[in-house]
$ cat coords_36.pdb   # PDB, C-alpha atoms
ATOM      1  CA  MET Q   1     123.073 146.221  83.181  1.00  0.00           C
ATOM      2  CA  ARG Q   2     121.132 143.129  84.237  1.00  0.00           C
ATOM      3  CA  THR Q   3     118.156 141.911  82.236  1.00  0.00           C
ATOM      4  CA  GLN Q   4     115.271 140.020  83.751  1.00  0.00           C
ATOM      5  CA  VAL Q   5     114.858 136.633  82.072  1.00  0.00           C
ATOM      6  CA  ARG Q   6     112.472 134.747  84.356  1.00  0.00           C
ATOM      7  CA  GLY Q   7     108.894 134.618  83.154  1.00  0.00           C
ATOM      8  CA  TRP Q   8     109.657 136.009  79.705  1.00  0.00           C
ATOM      9  CA  ARG Q   9     107.230 133.582  78.101  1.00  0.00           C
ATOM     10  CA  TRP Q  10     104.363 135.015  80.154  1.00  0.00           C
ATOM     11  CA  ARG Q  11     105.052 138.712  79.442  1.00  0.00           C
ATOM     12  CA  ARG Q  12     104.374 140.447  76.168  1.00  0.00           C
ATOM     13  CA  ASN Q  13     107.482 141.156  74.138  1.00  0.00           C
ATOM     14  CA  PRO Q  14     108.315 141.280  70.407  1.00  0.00           C
ATOM     15  CA  LEU Q  15     110.431 138.113  70.496  1.00  0.00           C
ATOM     16  CA  ARG Q  16     107.801 135.914  72.114  1.00  0.00           C
ATOM     17  CA  ARG Q  17     106.250 133.429  69.719  1.00  0.00           C
ATOM     18  CA  ARG Q  18     103.025 131.472  69.990  1.00  0.00           C
ATOM     19  CA  SER Q  19     105.027 128.272  70.568  1.00  0.00           C
ATOM     20  CA  ASP Q  20     106.724 129.924  73.583  1.00  0.00           C
ATOM     21  CA  VAL Q  21     103.345 130.607  75.188  1.00  0.00           C
ATOM     22  CA  ILE Q  22     102.204 127.039  74.509  1.00  0.00           C
ATOM     23  CA  GLU Q  23     105.414 125.698  76.022  1.00  0.00           C
ATOM     24  CA  ALA Q  24     104.967 127.843  79.143  1.00  0.00           C
ATOM     25  CA  TRP Q  25     101.408 126.566  79.632  1.00  0.00           C
ATOM     26  CA  THR Q  26     102.577 122.999  79.025  1.00  0.00           C
ATOM     27  CA  VAL Q  27     105.247 123.280  81.723  1.00  0.00           C
ATOM     28  CA  LEU Q  28     102.625 124.634  84.139  1.00  0.00           C
ATOM     29  CA  VAL Q  29     100.202 121.785  83.336  1.00  0.00           C
ATOM     30  CA  VAL Q  30     102.946 119.151  83.664  1.00  0.00           C
ATOM     31  CA  THR Q  31     104.000 120.599  87.028  1.00  0.00           C
ATOM     32  CA  VAL Q  32     100.431 120.473  88.348  1.00  0.00           C
ATOM     33  CA  LEU Q  33      99.977 116.933  87.014  1.00  0.00           C
ATOM     34  CA  LEU Q  34     103.227 115.711  88.578  1.00  0.00           C
ATOM     35  CA  PHE Q  35     102.884 117.319  91.985  1.00  0.00           C
ATOM     36  CA  VAL Q  36      99.107 117.268  92.510  1.00  0.00           C
ATOM     37  CA  VAL Q  37      97.296 114.800  90.246  1.00  0.00           C
ATOM     38  CA  THR Q  38      99.717 111.848  90.294  1.00  0.00           C
ATOM     39  CA  PRO Q  39      99.938 111.699  94.122  1.00  0.00           C
ATOM     40  CA  LEU Q  40      96.146 111.954  94.328  1.00  0.00           C
ATOM     41  CA  ALA Q  41      95.801 109.123  91.803  1.00  0.00           C
ATOM     42  CA  GLY Q  42      98.234 107.022  93.836  1.00  0.00           C
ATOM     43  CA  MET Q  43      96.335 107.736  97.051  1.00  0.00           C
ATOM     44  CA  ALA Q  44      92.998 106.875  95.440  1.00  0.00           C
ATOM     45  CA  ALA Q  45      94.368 103.616  94.023  1.00  0.00           C
ATOM     46  CA  GLY Q  46      95.988 102.769  97.363  1.00  0.00           C
ATOM     47  CA  LEU Q  47      92.764 103.402  99.290  1.00  0.00           C
ATOM     48  CA  ARG Q  48      90.798 101.251  96.882  1.00  0.00           C
ATOM     49  CA  ALA Q  49      93.423  98.490  97.117  1.00  0.00           C
ATOM     50  CA  HIS Q  50      93.269  98.774 100.927  1.00  0.00           C
ATOM     51  CA  GLU Q  51      89.496  98.314 100.960  1.00  0.00           C
ATOM     52  CA  GLN Q  52      89.708  95.317  98.624  1.00  0.00           C
ATOM     53  CA  ALA Q  53      92.566  93.699 100.559  1.00  0.00           C
ATOM     54  CA  ARG Q  54      90.788  94.163 103.903  1.00  0.00           C
ATOM     55  CA  SER Q  55      87.567  92.664 102.558  1.00  0.00           C
ATOM     56  CA  LEU Q  56      89.513  89.744 101.041  1.00  0.00           C
ATOM     57  CA  ALA Q  57      91.329  89.138 104.338  1.00  0.00           C
ATOM     58  CA  ALA Q  58      88.035  89.302 106.266  1.00  0.00           C
ATOM     59  CA  SER Q  59      86.333  86.847 103.895  1.00  0.00           C
ATOM     60  CA  GLN Q  60      89.310  84.482 104.088  1.00  0.00           C
ATOM     61  CA  ARG Q  61      89.252  84.652 107.893  1.00  0.00           C
ATOM     62  CA  ALA Q  62      85.526  83.818 107.803  1.00  0.00           C
ATOM     63  CA  GLU Q  63      85.995  80.899 105.357  1.00  0.00           C
ATOM     64  CA  ARG Q  64      89.102  79.390 106.949  1.00  0.00           C
ATOM     65  CA  ARG Q  65      89.551  77.895 110.345  1.00  0.00           C
ATOM     66  CA  GLN Q  66      92.628  77.901 112.507  1.00  0.00           C
ATOM     67  CA  VAL Q  67      93.807  74.790 114.343  1.00  0.00           C
ATOM     68  CA  GLN Q  68      96.543  74.359 116.947  1.00  0.00           C
ATOM     69  CA  ALA Q  69      98.385  71.157 116.030  1.00  0.00           C
ATOM     70  CA  VAL Q  70     101.610  69.303 116.742  1.00  0.00           C
ATOM     71  CA  VAL Q  71     104.054  68.260 114.010  1.00  0.00           C
ATOM     72  CA  VAL Q  72     104.311  64.474 113.856  1.00  0.00           C
ATOM     73  CA  ALA Q  73     106.973  63.894 111.184  1.00  0.00           C
ATOM     74  CA  ASN Q  74     110.400  65.537 111.163  1.00  0.00           C
ATOM     75  CA  THR Q  75     110.796  65.607 107.358  1.00  0.00           C
ATOM     76  CA  PRO Q  76     108.849  68.487 105.864  1.00  0.00           C
ATOM     77  CA  GLU Q  77     108.080  68.343 102.179  1.00  0.00           C
ATOM     78  CA  ARG Q  78     108.947  71.509 100.170  1.00  0.00           C
ATOM     79  CA  LEU Q  79     105.977  73.022  98.334  1.00  0.00           C
ATOM     80  CA  PRO Q  80     106.288  74.193  94.732  1.00  0.00           C
ATOM     81  CA  THR Q  81     106.801  77.957  94.550  1.00  0.00           C
ATOM     82  CA  GLU Q  82     103.420  78.672  92.951  1.00  0.00           C
ATOM     83  CA  GLN Q  83     101.549  76.834  95.744  1.00  0.00           C
ATOM     84  CA  GLY Q  84     103.744  77.790  98.687  1.00  0.00           C
ATOM     85  CA  ASP Q  85     103.727  81.041 100.516  1.00  0.00           C
ATOM     86  CA  ARG Q  86     106.619  82.843 102.186  1.00  0.00           C
ATOM     87  CA  ASP Q  87     105.641  82.061 105.785  1.00  0.00           C
ATOM     88  CA  HIS Q  88     104.572  78.433 105.305  1.00  0.00           C
ATOM     89  CA  PRO Q  89     106.719  76.962 102.501  1.00  0.00           C
ATOM     90  CA  TYR Q  90     106.682  73.296 103.690  1.00  0.00           C
ATOM     91  CA  ARG Q  91     104.229  70.466 104.217  1.00  0.00           C
ATOM     92  CA  ALA Q  92     104.486  68.135 107.164  1.00  0.00           C
ATOM     93  CA  ARG Q  93     102.246  65.626 108.910  1.00  0.00           C
ATOM     94  CA  VAL Q  94     100.431  67.289 111.836  1.00  0.00           C
ATOM     95  CA  ARG Q  95      98.049  65.962 114.500  1.00  0.00           C
ATOM     96  CA  TRP Q  96      95.382  67.607 116.625  1.00  0.00           C
ATOM     97  CA  THR Q  97      92.302  66.622 118.551  1.00  0.00           C
ATOM     98  CA  GLU Q  98      88.887  67.956 117.585  1.00  0.00           C
ATOM     99  CA  PRO Q  99      86.131  67.907 120.176  1.00  0.00           C
ATOM    100  CA  GLY Q 100      83.604  65.233 119.249  1.00  0.00           C
ATOM    101  CA  LYS Q 101      85.625  63.971 116.246  1.00  0.00           C
ATOM    102  CA  GLY Q 102      88.734  62.568 117.890  1.00  0.00           C
ATOM    103  CA  THR Q 103      92.348  62.833 116.778  1.00  0.00           C
ATOM    104  CA  ARG Q 104      93.074  63.851 113.194  1.00  0.00           C
ATOM    105  CA  THR Q 105      96.350  63.562 111.304  1.00  0.00           C
ATOM    106  CA  VAL Q 106      96.881  65.305 107.928  1.00  0.00           C
ATOM    107  CA  MET Q 107      99.554  66.898 105.785  1.00  0.00           C
ATOM    108  CA  ALA Q 108      99.477  70.660 106.325  1.00  0.00           C
ATOM    109  CA  ARG Q 109     101.505  73.769 105.588  1.00  0.00           C
ATOM    110  CA  VAL Q 110     104.083  74.529 108.266  1.00  0.00           C
ATOM    111  CA  PRO Q 111     106.765  77.193 108.692  1.00  0.00           C
ATOM    112  CA  ALA Q 112     110.352  76.484 107.692  1.00  0.00           C
ATOM    113  CA  GLY Q 113     112.488  74.894 110.406  1.00  0.00           C
ATOM    114  CA  THR Q 114     109.583  73.091 112.061  1.00  0.00           C
ATOM    115  CA  ARG Q 115     110.598  69.834 113.817  1.00  0.00           C
ATOM    116  CA  ALA Q 116     108.641  66.872 115.148  1.00  0.00           C
ATOM    117  CA  GLY Q 117     106.892  67.775 118.386  1.00  0.00           C
ATOM    118  CA  ASP Q 118     106.734  71.519 117.641  1.00  0.00           C
ATOM    119  CA  PRO Q 119     103.326  73.161 118.089  1.00  0.00           C
ATOM    120  CA  VAL Q 120     102.103  74.945 114.956  1.00  0.00           C
ATOM    121  CA  THR Q 121      99.079  76.892 113.857  1.00  0.00           C
ATOM    122  CA  VAL Q 122      97.585  75.519 110.642  1.00  0.00           C
ATOM    123  CA  TRP Q 123      94.714  76.824 108.549  1.00  0.00           C
ATOM    124  CA  PHE Q 124      92.097  74.819 106.655  1.00  0.00           C
ATOM    125  CA  ASP Q 125      89.471  75.858 104.132  1.00  0.00           C
ATOM    126  CA  ALA Q 126      85.829  74.716 104.122  1.00  0.00           C
ATOM    127  CA  GLN Q 127      86.759  71.490 102.275  1.00  0.00           C
ATOM    128  CA  GLY Q 128      89.399  70.610 104.893  1.00  0.00           C
ATOM    129  CA  ARG Q 129      92.419  71.359 102.683  1.00  0.00           C
ATOM    130  CA  SER Q 130      95.473  72.979 104.227  1.00  0.00           C
ATOM    131  CA  VAL Q 131      95.760  76.579 103.034  1.00  0.00           C
ATOM    132  CA  ALA Q 132      97.917  79.591 103.739  1.00  0.00           C
ATOM    133  CA  PRO Q 133      96.820  81.835 106.598  1.00  0.00           C
ATOM    134  CA  PRO Q 134      94.740  84.865 105.636  1.00  0.00           C
ATOM    135  CA  PRO Q 135      96.671  88.096 105.173  1.00  0.00           C
ATOM    136  CA  ASP Q 136      97.284  90.037 108.361  1.00  0.00           C
ATOM    137  CA  GLU Q 137      97.084  93.815 108.771  1.00  0.00           C
ATOM    138  CA  PHE Q 138     100.761  94.244 107.858  1.00  0.00           C
ATOM    139  CA  ALA Q 139     100.242  92.405 104.540  1.00  0.00           C
ATOM    140  CA  VAL Q 140      97.163  94.532 103.795  1.00  0.00           C
ATOM    141  CA  TRP Q 141      99.121  97.763 104.375  1.00  0.00           C
ATOM    142  CA  GLN Q 142     102.069  96.444 102.377  1.00  0.00           C
ATOM    143  CA  HIS Q 143      99.725  95.766  99.445  1.00  0.00           C
ATOM    144  CA  THR Q 144      98.140  99.218  99.848  1.00  0.00           C
ATOM    145  CA  ILE Q 145     101.479 101.043  99.788  1.00  0.00           C
ATOM    146  CA  THR Q 146     102.782  98.981  96.874  1.00  0.00           C
ATOM    147  CA  VAL Q 147      99.723  99.718  94.737  1.00  0.00           C
ATOM    148  CA  GLY Q 148      99.791 103.429  95.646  1.00  0.00           C
ATOM    149  CA  VAL Q 149     103.485 103.810  94.829  1.00  0.00           C
ATOM    150  CA  CYS Q 150     103.163 101.865  91.562  1.00  0.00           C
ATOM    151  CA  VAL Q 151     100.174 103.912  90.390  1.00  0.00           C
ATOM    152  CA  THR Q 152     101.915 107.173  91.332  1.00  0.00           C
ATOM    153  CA  GLY Q 153     105.081 106.125  89.495  1.00  0.00           C
ATOM    154  CA  GLY Q 154     103.135 104.918  86.462  1.00  0.00           C
ATOM    155  CA  ALA Q 155     101.108 108.117  86.269  1.00  0.00           C
ATOM    156  CA  ALA Q 156     104.273 110.220  86.609  1.00  0.00           C
ATOM    157  CA  ALA Q 157     105.930 108.175  83.841  1.00  0.00           C
ATOM    158  CA  VAL Q 158     102.944 108.747  81.549  1.00  0.00           C
ATOM    159  CA  VAL Q 159     102.989 112.498  82.272  1.00  0.00           C
ATOM    160  CA  LEU Q 160     106.747 112.752  81.655  1.00  0.00           C
ATOM    161  CA  PHE Q 161     106.506 110.685  78.472  1.00  0.00           C
ATOM    162  CA  GLY Q 162     103.690 112.915  77.205  1.00  0.00           C
ATOM    163  CA  HIS Q 163     105.742 115.996  78.057  1.00  0.00           C
ATOM    164  CA  ALA Q 164     108.740 114.575  76.184  1.00  0.00           C
ATOM    165  CA  LEU Q 165     106.555 113.949  73.129  1.00  0.00           C
ATOM    166  CA  GLU Q 166     105.135 117.466  73.332  1.00  0.00           C
ATOM    167  CA  ARG Q 167     108.658 118.933  73.574  1.00  0.00           C
ATOM    168  CA  ARG Q 168     109.724 116.942  70.521  1.00  0.00           C
ATOM    169  CA  PHE Q 169     106.767 118.184  68.471  1.00  0.00           C
ATOM    170  CA  ALA Q 170     107.326 121.743  69.710  1.00  0.00           C
ATOM    171  CA  LEU Q 171     110.984 121.577  68.689  1.00  0.00           C
ATOM    172  CA  ARG Q 172     110.056 120.303  65.215  1.00  0.00           C
ATOM    173  CA  HIS Q 173     107.504 123.083  64.869  1.00  0.00           C
ATOM    174  CA  ARG Q 174     109.993 125.700  66.074  1.00  0.00           C
ATOM    175  CA  LEU Q 175     112.655 124.493  63.604  1.00  0.00           C
ATOM    176  CA  ALA Q 176     110.104 124.605  60.775  1.00  0.00           C
ATOM    177  CA  GLU Q 177     109.195 128.178  61.795  1.00  0.00           C
ATOM    178  CA  TRP Q 178     112.866 129.178  61.745  1.00  0.00           C
ATOM    179  CA  GLU Q 179     113.304 127.602  58.294  1.00  0.00           C
ATOM    180  CA  ARG Q 180     110.329 129.559  56.949  1.00  0.00           C
ATOM    181  CA  GLU Q 181     111.627 132.793  58.459  1.00  0.00           C
ATOM    182  CA  TRP Q 182     115.110 132.164  57.098  1.00  0.00           C
ATOM    183  CA  ALA Q 183     113.682 131.391  53.632  1.00  0.00           C
ATOM    184  CA  ARG Q 184     111.987 134.780  53.749  1.00  0.00           C
ATOM    185  CA  THR Q 185     114.836 136.846  55.209  1.00  0.00           C
ATOM    186  CA  GLY Q 186     117.893 134.798  54.205  1.00  0.00           C
ATOM    187  CA  PRO Q 187     118.236 136.150  50.668  1.00  0.00           C
ATOM    188  CA  LYS Q 188     118.542 139.686  52.026  1.00  0.00           C
ATOM    189  CA  TRP Q 189     121.550 138.637  54.085  1.00  0.00           C
ATOM    190  CA  THR Q 190     123.225 136.301  51.614  1.00  0.00           C
ATOM    191  CA  GLN Q 191     122.964 138.314  48.370  1.00  0.00           C
ATOM    192  CA  PRO Q 192     126.153 140.094  47.334  1.00  0.00           C
ATOM    193  CA  ARG Q 193     126.072 143.816  48.002  1.00  0.00           C
ATOM    194  CA  THR Q 194     126.511 146.149  45.082  1.00  0.00           C
TER
END
$ encode --input "coords_36.pdb" --output "structure tokens"
Amino acid sequence: MRTQVRGWRWRRNPLRRRSDVIEAWTVLVVTVLLFVVTPLAGMAAGLRAHEQARSLAASQRAERRQVQAVVVANTPERLPTEQGDRDHPYRARVRWTEPGKGTRTVMARVPAGTRAGDPVTVWFDAQGRSVAPPPDEFAVWQHTITVGVCVTGGAAAVVLFGHALERRFALRHRLAEWEREWARTGPKWTQPRT
């Protein structure tokens, strides 16, 4: 004879305790949180990060100007890691001609492996300092996906940690219930029979 075990916490039966019902509801809530709420939170955070990154990239493109220059010196100077960026990690002397201002020569950020005579694209801010290029669309999407995945993972970790804490408290409560029941019924089982 086969007994049906699935869903026993949801059906009425004499062995079902209040803690079993609470545990069943908790599992349902955790499932909904993990598979519905955490992905939605990640998507919302990713969309917000996308909007912010696009507006930052647009403002940087508006503030910075792009110049086509030629590398003058063959010995690029390595930038410190906090100032450098991945695509332009070196400084080298570059030269270009501006209409109405003549030829200009400055130290600017250049890509790795740049040699004297190579044409490069350099970016300058409003004060004329060499800066990294503004983020492109790929960098914006990379930031969006990273934020979305991190928020989804963090939210899932919080939900699972909360569920683990709830399970621990439920187990303590269940053990205390069993101790009380055994204190009440134990003497009937352990007393010598006459």
$ closest_residue --input "coords_36.pdb" --among "Q:Val30, Q:Ala139, Q:Ala53, Q:Leu171" --to "Val158 in chain Q" --atoms "only C-alpha atoms"
Q:Val30
$ closest_residue --input "coords_36.pdb" --among "Q:Trp189, Q:Phe169, Q:Phe35, Q:Trp25" --to "Gly153 in chain Q" --atoms "all atoms listed in the file"
Q:Phe35
$ atom_distance --input "coords_36.pdb" --atom1 "CA of Gly128 in chain Q" --atom2 "CA of Lys101 in chain Q"
13.7 Å
$ atom_distance --input "coords_36.pdb" --atom1 "CA of Ala62 in chain Q" --atom2 "CA of Pro135 in chain Q"
12.2 Å
$ residues_around --input "coords_36.pdb" --residues "Asp125 in chain Q" --least-positions-apart "4" --cutoff "12 Å" --atoms "only C-alpha atoms" --output "PyMOL selection string"
chain Q and resi 59-67+108+129-134
$ closest_residue --input "coords_36.pdb" --among "Q:Val32, Q:Thr103, Q:Ala49, Q:Ala176" --to "Ile145 in chain Q" --atoms "only C-alpha atoms"
Q:Ala49
$ atom_distance --input "coords_36.pdb" --atom1 "CA of Arg54 in chain Q" --atom2 "CA of Pro111 in chain Q"
23.8 Å
$ resolve_selection --input "coords_36.pdb" --expression "the PyMOL selection byres ((chain Q and resi 150) around 12)" --output "list in words"
Thr38, Pro39, Ala41, Gly42, Met43, Ala44, Ala45, Gly46, Ala49, His143, Thr144, Ile145, Thr146, Val147, Gly148, Val149, Val151, Thr152, Gly153, Gly154, Ala155, Ala156 and Ala157 of chain Q
$ closest_residue --input "coords_36.pdb" --among "Q:Val122, Q:Ala170, Q:Val140, Q:Ala58" --to "Asp20 in chain Q" --atoms "all atoms listed in the file"
Q:Ala170
